[in-house]
>>> print(open('data_11.tsv').read())   # TSV, N, CA and C atoms
chain	number	residue	atom	x	y	z
P	1	MET	N	93.45	99.33	138.10
P	1	MET	CA	92.49	98.24	138.22
P	1	MET	C	92.59	97.33	136.99
P	2	ASP	N	92.63	96.04	137.22
P	2	ASP	CA	92.74	95.07	136.13
P	2	ASP	C	91.44	94.96	135.36
P	3	GLU	N	91.60	94.78	134.04
P	3	GLU	CA	90.43	94.56	133.19
P	3	GLU	C	89.88	93.17	133.45
P	4	GLU	N	88.57	93.05	133.28
P	4	GLU	CA	87.93	91.75	133.42
P	4	GLU	C	88.39	90.84	132.28
P	5	LYS	N	88.67	89.59	132.59
P	5	LYS	CA	89.09	88.64	131.56
P	5	LYS	C	87.85	87.98	130.96
P	6	LYS	N	87.83	87.91	129.64
P	6	LYS	CA	86.73	87.29	128.92
P	6	LYS	C	87.28	86.34	127.88
P	7	TRP	N	86.41	85.49	127.34
P	7	TRP	CA	86.83	84.55	126.29
P	7	TRP	C	86.74	85.23	124.93
P	8	TYR	N	87.88	85.29	124.25
P	8	TYR	CA	88.00	85.88	122.92
P	8	TYR	C	88.49	84.82	121.94
P	9	CYS	N	88.29	85.10	120.66
P	9	CYS	CA	88.93	84.29	119.64
P	9	CYS	C	89.57	85.23	118.62
P	10	VAL	N	90.72	84.79	118.10
P	10	VAL	CA	91.39	85.48	117.00
P	10	VAL	C	91.07	84.65	115.77
P	11	TYR	N	90.67	85.31	114.68
P	11	TYR	CA	90.30	84.58	113.48
P	11	TYR	C	90.94	85.21	112.25
P	12	GLN	N	90.98	84.43	111.18
P	12	GLN	CA	91.46	84.95	109.91
P	12	GLN	C	90.42	84.68	108.84
P	13	ILE	N	90.33	85.59	107.88
P	13	ILE	CA	89.53	85.39	106.68
P	13	ILE	C	90.54	85.32	105.54
P	14	PHE	N	90.46	84.25	104.76
P	14	PHE	CA	91.45	84.02	103.72
P	14	PHE	C	90.83	83.28	102.55
P	15	CYS	N	91.51	83.34	101.42
P	15	CYS	CA	91.06	82.63	100.23
P	15	CYS	C	91.57	81.20	100.29
P	16	THR	N	90.67	80.24	100.06
P	16	THR	CA	91.05	78.83	100.13
P	16	THR	C	91.66	78.32	98.83
P	17	ASN	N	91.64	79.12	97.78
P	17	ASN	CA	92.22	78.73	96.51
P	17	ASN	C	93.72	79.00	96.57
P	18	PRO	N	94.57	77.97	96.53
P	18	PRO	CA	96.01	78.19	96.65
P	18	PRO	C	96.62	78.98	95.48
P	19	LYS	N	95.89	79.11	94.38
P	19	LYS	CA	96.38	79.87	93.23
P	19	LYS	C	96.16	81.37	93.40
P	20	VAL	N	95.34	81.73	94.38
P	20	VAL	CA	95.01	83.14	94.60
P	20	VAL	C	95.70	83.60	95.88
P	21	HIS	N	96.49	84.65	95.77
P	21	HIS	CA	97.22	85.17	96.93
P	21	HIS	C	96.79	86.62	97.17
P	22	ASP	N	95.53	86.80	97.50
P	22	ASP	CA	95.00	88.14	97.69
P	22	ASP	C	95.08	88.61	99.13
P	23	GLY	N	95.78	87.87	99.98
P	23	GLY	CA	95.99	88.32	101.34
P	23	GLY	C	95.08	87.65	102.35
P	24	VAL	N	95.23	88.10	103.58
P	24	VAL	CA	94.49	87.55	104.69
P	24	VAL	C	94.05	88.71	105.59
P	25	PHE	N	92.92	88.52	106.27
P	25	PHE	CA	92.41	89.48	107.24
P	25	PHE	C	92.45	88.80	108.60
P	26	VAL	N	92.94	89.47	109.62
P	26	VAL	CA	92.97	88.92	110.98
P	26	VAL	C	92.16	89.84	111.88
P	27	GLY	N	91.27	89.24	112.66
P	27	GLY	CA	90.44	90.00	113.59
P	27	GLY	C	90.25	89.25	114.89
P	28	TYR	N	89.57	89.89	115.83
P	28	TYR	CA	89.23	89.21	117.08
P	28	TYR	C	87.82	89.60	117.49
P	29	CYS	N	87.23	88.77	118.32
P	29	CYS	CA	85.91	89.09	118.88
P	29	CYS	C	85.70	88.22	120.12
P	30	LEU	N	84.71	88.62	120.90
P	30	LEU	CA	84.29	87.76	122.00
P	30	LEU	C	83.71	86.48	121.39
P	31	ILE	N	84.03	85.36	121.98
P	31	ILE	CA	83.49	84.11	121.45
P	31	ILE	C	81.96	84.17	121.44
P	32	SER	N	81.38	84.80	122.43
P	32	SER	CA	79.91	84.91	122.49
P	32	SER	C	79.36	85.79	121.37
P	33	ASN	N	80.20	86.60	120.73
P	33	ASN	CA	79.76	87.48	119.64
P	33	ASN	C	80.20	87.00	118.26
P	34	LEU	N	80.67	85.76	118.15
P	34	LEU	CA	81.19	85.28	116.87
P	34	LEU	C	80.11	85.30	115.79
P	35	TYR	N	78.91	84.90	116.12
P	35	TYR	CA	77.82	84.91	115.13
P	35	TYR	C	77.58	86.33	114.63
P	36	LYS	N	77.55	87.31	115.54
P	36	LYS	CA	77.33	88.71	115.16
P	36	LYS	C	78.50	89.22	114.31
P	37	THR	N	79.70	88.83	114.64
P	37	THR	CA	80.87	89.24	113.87
P	37	THR	C	80.77	88.72	112.43
P	38	LYS	N	80.38	87.47	112.28
P	38	LYS	CA	80.20	86.89	110.94
P	38	LYS	C	79.11	87.63	110.18
P	39	TYR	N	78.02	87.93	110.87
P	39	TYR	CA	76.92	88.67	110.26
P	39	TYR	C	77.38	90.06	109.81
P	40	ASP	N	78.16	90.73	110.65
P	40	ASP	CA	78.68	92.05	110.30
P	40	ASP	C	79.59	92.00	109.07
P	41	HIS	N	80.43	90.98	108.99
P	41	HIS	CA	81.28	90.83	107.80
P	41	HIS	C	80.41	90.66	106.56
P	42	ARG	N	79.38	89.87	106.67
P	42	ARG	CA	78.48	89.64	105.53
P	42	ARG	C	77.80	90.95	105.10
P	43	CYS	N	77.30	91.71	106.07
P	43	CYS	CA	76.65	93.00	105.76
P	43	CYS	C	77.63	93.98	105.13
P	44	ASN	N	78.84	94.03	105.66
P	44	ASN	CA	79.85	94.93	105.10
P	44	ASN	C	80.21	94.54	103.68
P	45	LEU	N	80.14	93.28	103.37
P	45	LEU	CA	80.46	92.79	102.03
P	45	LEU	C	79.39	93.18	101.02
P	46	TYR	N	78.13	93.02	101.38
P	46	TYR	CA	77.03	93.18	100.43
P	46	TYR	C	76.34	94.53	100.43
P	47	ASN	N	76.35	95.24	101.55
P	47	ASN	CA	75.53	96.45	101.67
P	47	ASN	C	76.35	97.71	101.40
P	48	PRO	N	76.14	98.35	100.24
P	48	PRO	CA	76.92	99.56	99.91
P	48	PRO	C	76.65	100.74	100.84
P	49	ASN	N	75.62	100.67	101.66
P	49	ASN	CA	75.32	101.75	102.61
P	49	ASN	C	76.11	101.62	103.91
P	50	ARG	N	76.81	100.50	104.09
P	50	ARG	CA	77.61	100.31	105.30
P	50	ARG	C	78.91	101.12	105.19
P	51	PRO	N	79.35	101.75	106.27
P	51	PRO	CA	80.56	102.57	106.22
P	51	PRO	C	81.82	101.78	105.83
P	52	ARG	N	81.86	100.49	106.12
P	52	ARG	CA	83.07	99.70	105.83
P	52	ARG	C	82.96	98.95	104.50
P	53	TYR	N	81.94	99.21	103.73
P	53	TYR	CA	81.71	98.53	102.44
P	53	TYR	C	82.94	98.59	101.53
P	54	ASN	N	83.65	99.71	101.52
P	54	ASN	CA	84.80	99.88	100.62
P	54	ASN	C	86.14	99.56	101.27
P	55	ASP	N	86.13	98.94	102.44
P	55	ASP	CA	87.39	98.48	103.03
P	55	ASP	C	88.04	97.48	102.08
P	56	ILE	N	89.35	97.42	102.13
P	56	ILE	CA	90.12	96.54	101.25
P	56	ILE	C	89.62	95.09	101.31
P	57	LEU	N	89.33	94.58	102.49
P	57	LEU	CA	88.86	93.19	102.63
P	57	LEU	C	87.66	92.92	101.75
P	58	TYR	N	86.63	93.74	101.87
P	58	TYR	CA	85.37	93.49	101.17
P	58	TYR	C	85.49	93.76	99.66
P	59	ARG	N	86.26	94.78	99.31
P	59	ARG	CA	86.49	95.05	97.88
P	59	ARG	C	87.25	93.89	97.23
P	60	THR	N	88.26	93.37	97.93
P	60	THR	CA	89.03	92.25	97.39
P	60	THR	C	88.14	91.04	97.18
P	61	ILE	N	87.30	90.74	98.16
P	61	ILE	CA	86.41	89.59	98.02
P	61	ILE	C	85.46	89.79	96.84
P	62	ARG	N	84.88	90.99	96.75
P	62	ARG	CA	83.94	91.23	95.65
P	62	ARG	C	84.65	91.19	94.29
P	63	GLU	N	85.83	91.79	94.21
P	63	GLU	CA	86.54	91.86	92.93
P	63	GLU	C	87.09	90.51	92.48
P	64	THR	N	87.47	89.67	93.41
P	64	THR	CA	88.04	88.38	93.04
P	64	THR	C	87.01	87.27	93.05
P	65	GLY	N	85.84	87.54	93.58
P	65	GLY	CA	84.85	86.49	93.75
P	65	GLY	C	83.77	86.40	92.71
P	66	ARG	N	83.86	87.15	91.66
P	66	ARG	CA	82.82	87.10	90.64
P	66	ARG	C	82.91	85.81	89.83
P	67	LYS	N	81.76	85.21	89.59
P	67	LYS	CA	81.73	83.98	88.78
P	67	LYS	C	82.32	84.27	87.42
P	68	GLY	N	83.10	83.34	86.92
P	68	GLY	CA	83.68	83.52	85.60
P	68	GLY	C	85.02	84.23	85.63
P	69	LYS	N	85.29	85.02	86.68
P	69	LYS	CA	86.57	85.73	86.75
P	69	LYS	C	87.63	84.80	87.35
P	70	ARG	N	87.32	84.22	88.48
P	70	ARG	CA	88.19	83.24	89.13
P	70	ARG	C	87.32	82.27	89.90
P	71	GLU	N	87.90	81.13	90.27
P	71	GLU	CA	87.16	80.19	91.11
P	71	GLU	C	87.34	80.65	92.55
P	72	LEU	N	86.57	81.49	93.04
P	72	LEU	CA	86.79	82.12	94.33
P	72	LEU	C	85.59	82.16	95.24
P	73	THR	N	85.77	82.56	96.50
P	73	THR	CA	84.65	82.80	97.41
P	73	THR	C	84.95	83.48	98.71
P	74	VAL	N	83.90	83.84	99.38
P	74	VAL	CA	83.94	84.40	100.73
P	74	VAL	C	83.85	83.25	101.72
P	75	CYS	N	84.06	83.58	102.95
P	75	CYS	CA	83.93	82.61	104.03
P	75	CYS	C	82.68	81.76	103.88
P	76	ARG	N	82.77	80.54	104.36
P	76	ARG	CA	81.56	79.71	104.39
P	76	ARG	C	80.45	80.47	105.09
P	77	ILE	N	80.82	81.24	106.08
P	77	ILE	CA	79.84	82.02	106.83
P	77	ILE	C	79.19	83.08	105.97
P	78	LEU	N	79.87	83.47	104.91
P	78	LEU	CA	79.32	84.51	104.05
P	78	LEU	C	78.68	83.92	102.80
P	79	ARG	N	78.69	82.62	102.69
P	79	ARG	CA	78.18	81.97	101.49
P	79	ARG	C	76.71	82.32	101.27
P	80	ASP	N	76.40	82.62	100.06
P	80	ASP	CA	75.03	82.95	99.67
P	80	ASP	C	74.82	82.34	98.30
P	81	GLU	N	74.09	81.25	98.23
P	81	GLU	CA	73.91	80.52	96.98
P	81	GLU	C	73.24	81.37	95.90
P	82	ASP	N	72.44	82.35	96.28
P	82	ASP	CA	71.75	83.18	95.30
P	82	ASP	C	72.57	84.39	94.88
P	83	SER	N	73.75	84.50	95.43
P	83	SER	CA	74.58	85.66	95.17
P	83	SER	C	75.18	85.64	93.77
P	84	SER	N	75.60	86.81	93.31
P	84	SER	CA	76.31	86.88	92.03
P	84	SER	C	77.79	86.55	92.23
P	85	PHE	N	78.18	86.24	93.45
P	85	PHE	CA	79.56	85.88	93.76
P	85	PHE	C	79.67	84.38	93.98
P	86	ALA	N	80.74	83.80	93.51
P	86	ALA	CA	81.05	82.42	93.84
P	86	ALA	C	82.17	82.48	94.86
P	87	TYR	N	81.97	81.89	96.00
P	87	TYR	CA	82.92	82.11	97.08
P	87	TYR	C	83.79	80.92	97.43
P	88	LEU	N	85.05	81.19	97.63
P	88	LEU	CA	86.01	80.23	98.16
P	88	LEU	C	86.78	80.85	99.33
P	89	TRP	N	86.22	81.85	99.96
P	89	TRP	CA	86.87	82.46	101.11
P	89	TRP	C	86.35	81.78	102.36
P	90	ASP	N	87.18	81.70	103.39
P	90	ASP	CA	86.79	81.00	104.61
P	90	ASP	C	87.20	81.80	105.84
P	91	LEU	N	86.55	81.49	106.94
P	91	LEU	CA	86.92	82.07	108.23
P	91	LEU	C	87.41	80.93	109.11
P	92	GLU	N	88.58	81.12	109.69
P	92	GLU	CA	89.17	80.09	110.54
P	92	GLU	C	89.56	80.72	111.87
P	93	ILE	N	89.19	80.05	112.97
P	93	ILE	CA	89.60	80.51	114.29
P	93	ILE	C	91.04	80.07	114.52
P	94	LEU	N	91.89	81.03	114.83
P	94	LEU	CA	93.32	80.77	115.02
P	94	LEU	C	93.65	80.45	116.48
P	95	LYS	N	92.92	81.10	117.40
P	95	LYS	CA	93.23	80.93	118.81
P	95	LYS	C	92.04	81.35	119.66
P	96	LYS	N	91.80	80.62	120.74
P	96	LYS	CA	90.80	81.00	121.74
P	96	LYS	C	91.55	81.22	123.04
P	97	VAL	N	91.23	82.33	123.70
P	97	VAL	CA	91.97	82.66	124.91
P	97	VAL	C	91.09	83.48	125.86
P	98	LYS	N	91.27	83.24	127.15
P	98	LYS	CA	90.60	84.06	128.17
P	98	LYS	C	91.60	85.09	128.64
P	99	CYS	N	91.28	86.37	128.36
P	99	CYS	CA	92.23	87.43	128.69
P	99	CYS	C	91.52	88.78	128.69
P	100	SER	N	92.29	89.83	128.91
P	100	SER	CA	91.77	91.19	128.87
P	100	SER	C	91.72	91.67	127.42
P	101	LYS	N	91.00	92.75	127.17
P	101	LYS	CA	90.92	93.32	125.83
P	101	LYS	C	92.30	93.80	125.37
P	102	LYS	N	93.06	94.37	126.27
P	102	LYS	CA	94.41	94.84	125.93
P	102	LYS	C	95.28	93.67	125.47
P	103	LYS	N	95.18	92.54	126.13
P	103	LYS	CA	95.98	91.37	125.78
P	103	LYS	C	95.53	90.78	124.44
P	104	ILE	N	94.22	90.72	124.18
P	104	ILE	CA	93.76	90.14	122.91
P	104	ILE	C	94.18	91.01	121.74
P	105	ARG	N	94.22	92.32	121.94
P	105	ARG	CA	94.71	93.22	120.89
P	105	ARG	C	96.18	92.92	120.57
P	106	LYS	N	96.97	92.66	121.60
P	106	LYS	CA	98.39	92.33	121.41
P	106	LYS	C	98.52	91.00	120.67
P	107	ILE	N	97.76	90.00	121.08
P	107	ILE	CA	97.80	88.68	120.43
P	107	ILE	C	97.39	88.80	118.97
P	108	THR	N	96.33	89.58	118.72
P	108	THR	CA	95.84	89.77	117.35
P	108	THR	C	96.91	90.44	116.50
P	109	GLN	N	97.58	91.44	117.04
P	109	GLN	CA	98.64	92.12	116.30
P	109	GLN	C	99.78	91.16	115.95
P	110	GLU	N	100.09	90.26	116.87
P	110	GLU	CA	101.14	89.27	116.60
P	110	GLU	C	100.74	88.39	115.41
P	111	PHE	N	99.48	87.98	115.34
P	111	PHE	CA	99.00	87.18	114.21
P	111	PHE	C	99.01	88.01	112.92
P	112	LYS	N	98.62	89.28	113.02
P	112	LYS	CA	98.64	90.15	111.83
P	112	LYS	C	100.05	90.24	111.27
P	113	ASP	N	101.04	90.41	112.15
P	113	ASP	CA	102.43	90.51	111.72
P	113	ASP	C	102.92	89.19	111.14
P	114	LYS	N	102.61	88.10	111.81
P	114	LYS	CA	103.06	86.77	111.39
P	114	LYS	C	102.47	86.39	110.03
P	115	LEU	N	101.18	86.71	109.81
P	115	LEU	CA	100.48	86.31	108.58
P	115	LEU	C	100.52	87.39	107.50
P	116	ASN	N	101.16	88.53	107.80
P	116	ASN	CA	101.23	89.64	106.85
P	116	ASN	C	99.83	90.01	106.35
P	117	SER	N	98.99	90.39	107.26
P	117	SER	CA	97.57	90.62	106.97
P	117	SER	C	97.32	91.95	106.27
P	118	ILE	N	97.57	91.97	104.98
P	118	ILE	CA	97.43	93.21	104.21
P	118	ILE	C	95.98	93.65	104.02
P	119	LEU	N	95.02	92.79	104.31
P	119	LEU	CA	93.61	93.16	104.14
P	119	LEU	C	93.02	93.82	105.39
P	120	ASN	N	93.82	94.11	106.39
P	120	ASN	CA	93.32	94.74	107.60
P	120	ASN	C	93.21	96.25	107.49
P	121	THR	N	93.72	96.82	106.45
P	121	THR	CA	93.67	98.27	106.33
P	121	THR	C	92.28	98.74	105.88
P	122	LYS	N	91.91	99.93	106.31
P	122	LYS	CA	90.65	100.53	105.86
P	122	LYS	C	90.89	101.39	104.63
P	123	ASP	N	92.16	101.49	104.26
P	123	ASP	CA	92.53	102.28	103.09
P	123	ASP	C	91.83	101.72	101.85
P	124	THR	N	91.47	102.57	100.93
P	124	THR	CA	90.78	102.12	99.72
P	124	THR	C	91.74	101.81	98.60
P	125	LYS	N	93.02	101.99	98.84
P	125	LYS	CA	94.04	101.66	97.85
P	125	LYS	C	94.94	100.59	98.40
P	126	LEU	N	95.34	99.68	97.55
P	126	LEU	CA	96.25	98.63	97.98
P	126	LEU	C	97.42	98.56	97.04
>>> encode(input="data_11.tsv", output="structure tokens")
Amino acid sequence: MDEEKKWYCVYQIFCTNPKVHDGVFVGYCLISNLYKTKYDHRCNLYNPNRPRYNDILYRTIRETGRKGKRELTVCRILRDEDSSFAYLWDLEILKKVKCSKKKIRKITQEFKDKLNSILNTKDTKL
């Protein structure tokens, strides 16, 4: 039986400072869940009680985003003016497509390979 086709987007989280090459993160979500996905990234970044708090993506953003260390930031979606972090990280939608979940996983993997997305690992060492 064929999977139901839904609207998905593939996105990347990356540093907008060309002097910083800390990698890129590639993910996907239902377009209807994009706001929740952004919220989840923000919670994973700030909340040490979240299971993904120590993922490479969030540690890299926290370690490179401190004021005074580098001119850096998190996605506009993660921007928090009262934060101790100065952010220059951004989230960009790479592709929107109506397809099955199996197909979006394949498309996302192609982007991960193409962009060398080293921040996609859950490993705590890089």
>>> residues_around(input="data_11.tsv", residues="P:Val10", least_positions_apart="6", cutoff="6.5 Å", atoms="all atoms listed in the file", output="ChimeraX atom specification")
/P:27-29,92-97,108
>>> write_last_selection(input="data_11.tsv", atoms="N, CA and C atoms", output="PDB file, in the frame of the given file")
ATOM      1  N   GLY P  27      91.270  89.240 112.660  1.00  0.00           N
ATOM      2  CA  GLY P  27      90.440  90.000 113.590  1.00  0.00           C
ATOM      3  C   GLY P  27      90.250  89.250 114.890  1.00  0.00           C
ATOM      4  N   TYR P  28      89.570  89.890 115.830  1.00  0.00           N
ATOM      5  CA  TYR P  28      89.230  89.210 117.080  1.00  0.00           C
ATOM      6  C   TYR P  28      87.820  89.600 117.490  1.00  0.00           C
ATOM      7  N   CYS P  29      87.230  88.770 118.320  1.00  0.00           N
ATOM      8  CA  CYS P  29      85.910  89.090 118.880  1.00  0.00           C
ATOM      9  C   CYS P  29      85.700  88.220 120.120  1.00  0.00           C
ATOM     10  N   GLU P  92      88.580  81.120 109.690  1.00  0.00           N
ATOM     11  CA  GLU P  92      89.170  80.090 110.540  1.00  0.00           C
ATOM     12  C   GLU P  92      89.560  80.720 111.870  1.00  0.00           C
ATOM     13  N   ILE P  93      89.190  80.050 112.970  1.00  0.00           N
ATOM     14  CA  ILE P  93      89.600  80.510 114.290  1.00  0.00           C
ATOM     15  C   ILE P  93      91.040  80.070 114.520  1.00  0.00           C
ATOM     16  N   LEU P  94      91.890  81.030 114.830  1.00  0.00           N
ATOM     17  CA  LEU P  94      93.320  80.770 115.020  1.00  0.00           C
ATOM     18  C   LEU P  94      93.650  80.450 116.480  1.00  0.00           C
ATOM     19  N   LYS P  95      92.920  81.100 117.400  1.00  0.00           N
ATOM     20  CA  LYS P  95      93.230  80.930 118.810  1.00  0.00           C
ATOM     21  C   LYS P  95      92.040  81.350 119.660  1.00  0.00           C
ATOM     22  N   LYS P  96      91.800  80.620 120.740  1.00  0.00           N
ATOM     23  CA  LYS P  96      90.800  81.000 121.740  1.00  0.00           C
ATOM     24  C   LYS P  96      91.550  81.220 123.040  1.00  0.00           C
ATOM     25  N   VAL P  97      91.230  82.330 123.700  1.00  0.00           N
ATOM     26  CA  VAL P  97      91.970  82.660 124.910  1.00  0.00           C
ATOM     27  C   VAL P  97      91.090  83.480 125.860  1.00  0.00           C
ATOM     28  N   THR P 108      96.330  89.580 118.720  1.00  0.00           N
ATOM     29  CA  THR P 108      95.840  89.770 117.350  1.00  0.00           C
ATOM     30  C   THR P 108      96.910  90.440 116.500  1.00  0.00           C
TER      31      THR P 108
END
>>> closest_residue(input="data_11.tsv", among="P:Cys43, P:Cys9, P:Leu115, P:Cys15", to="P:Ile31", atoms="all atoms listed in the file")
P:Cys9
>>> closest_residue(input="data_11.tsv", among="P:Phe14, P:Tyr46, P:Tyr35, P:Tyr8", to="P:Ser100", atoms="all atoms listed in the file")
P:Tyr8
>>> atom_distance(input="data_11.tsv", atom1="atom CA of P:Asp22", atom2="atom CA of P:Thr60")
7.3 Å
>>> closest_residue(input="data_11.tsv", among="P:Asp113, P:Leu30, P:Arg59, P:Ile104", to="P:Asn47", atoms="only C-alpha atoms")
P:Arg59
>>> closest_residue(input="data_11.tsv", among="P:Tyr39, P:Tyr58, P:Phe111, P:Trp7", to="P:Val26", atoms="only C-alpha atoms")
P:Phe111
>>> residues_around(input="data_11.tsv", residues="P:Asn54", least_positions_apart="2", cutoff="12 Å", atoms="only C-alpha atoms", output="list of chain:residue names")
P:Cys43, P:Asn44, P:Leu45, P:Tyr46, P:Asn47, P:Pro48, P:Asn49, P:Arg50, P:Pro51, P:Arg52, P:Ile56, P:Leu57, P:Tyr58, P:Arg59, P:Thr60, P:Ile61, P:Arg62, P:Glu63, P:Leu119, P:Thr121, P:Lys122, P:Asp123, P:Thr124, P:Lys125, P:Leu126
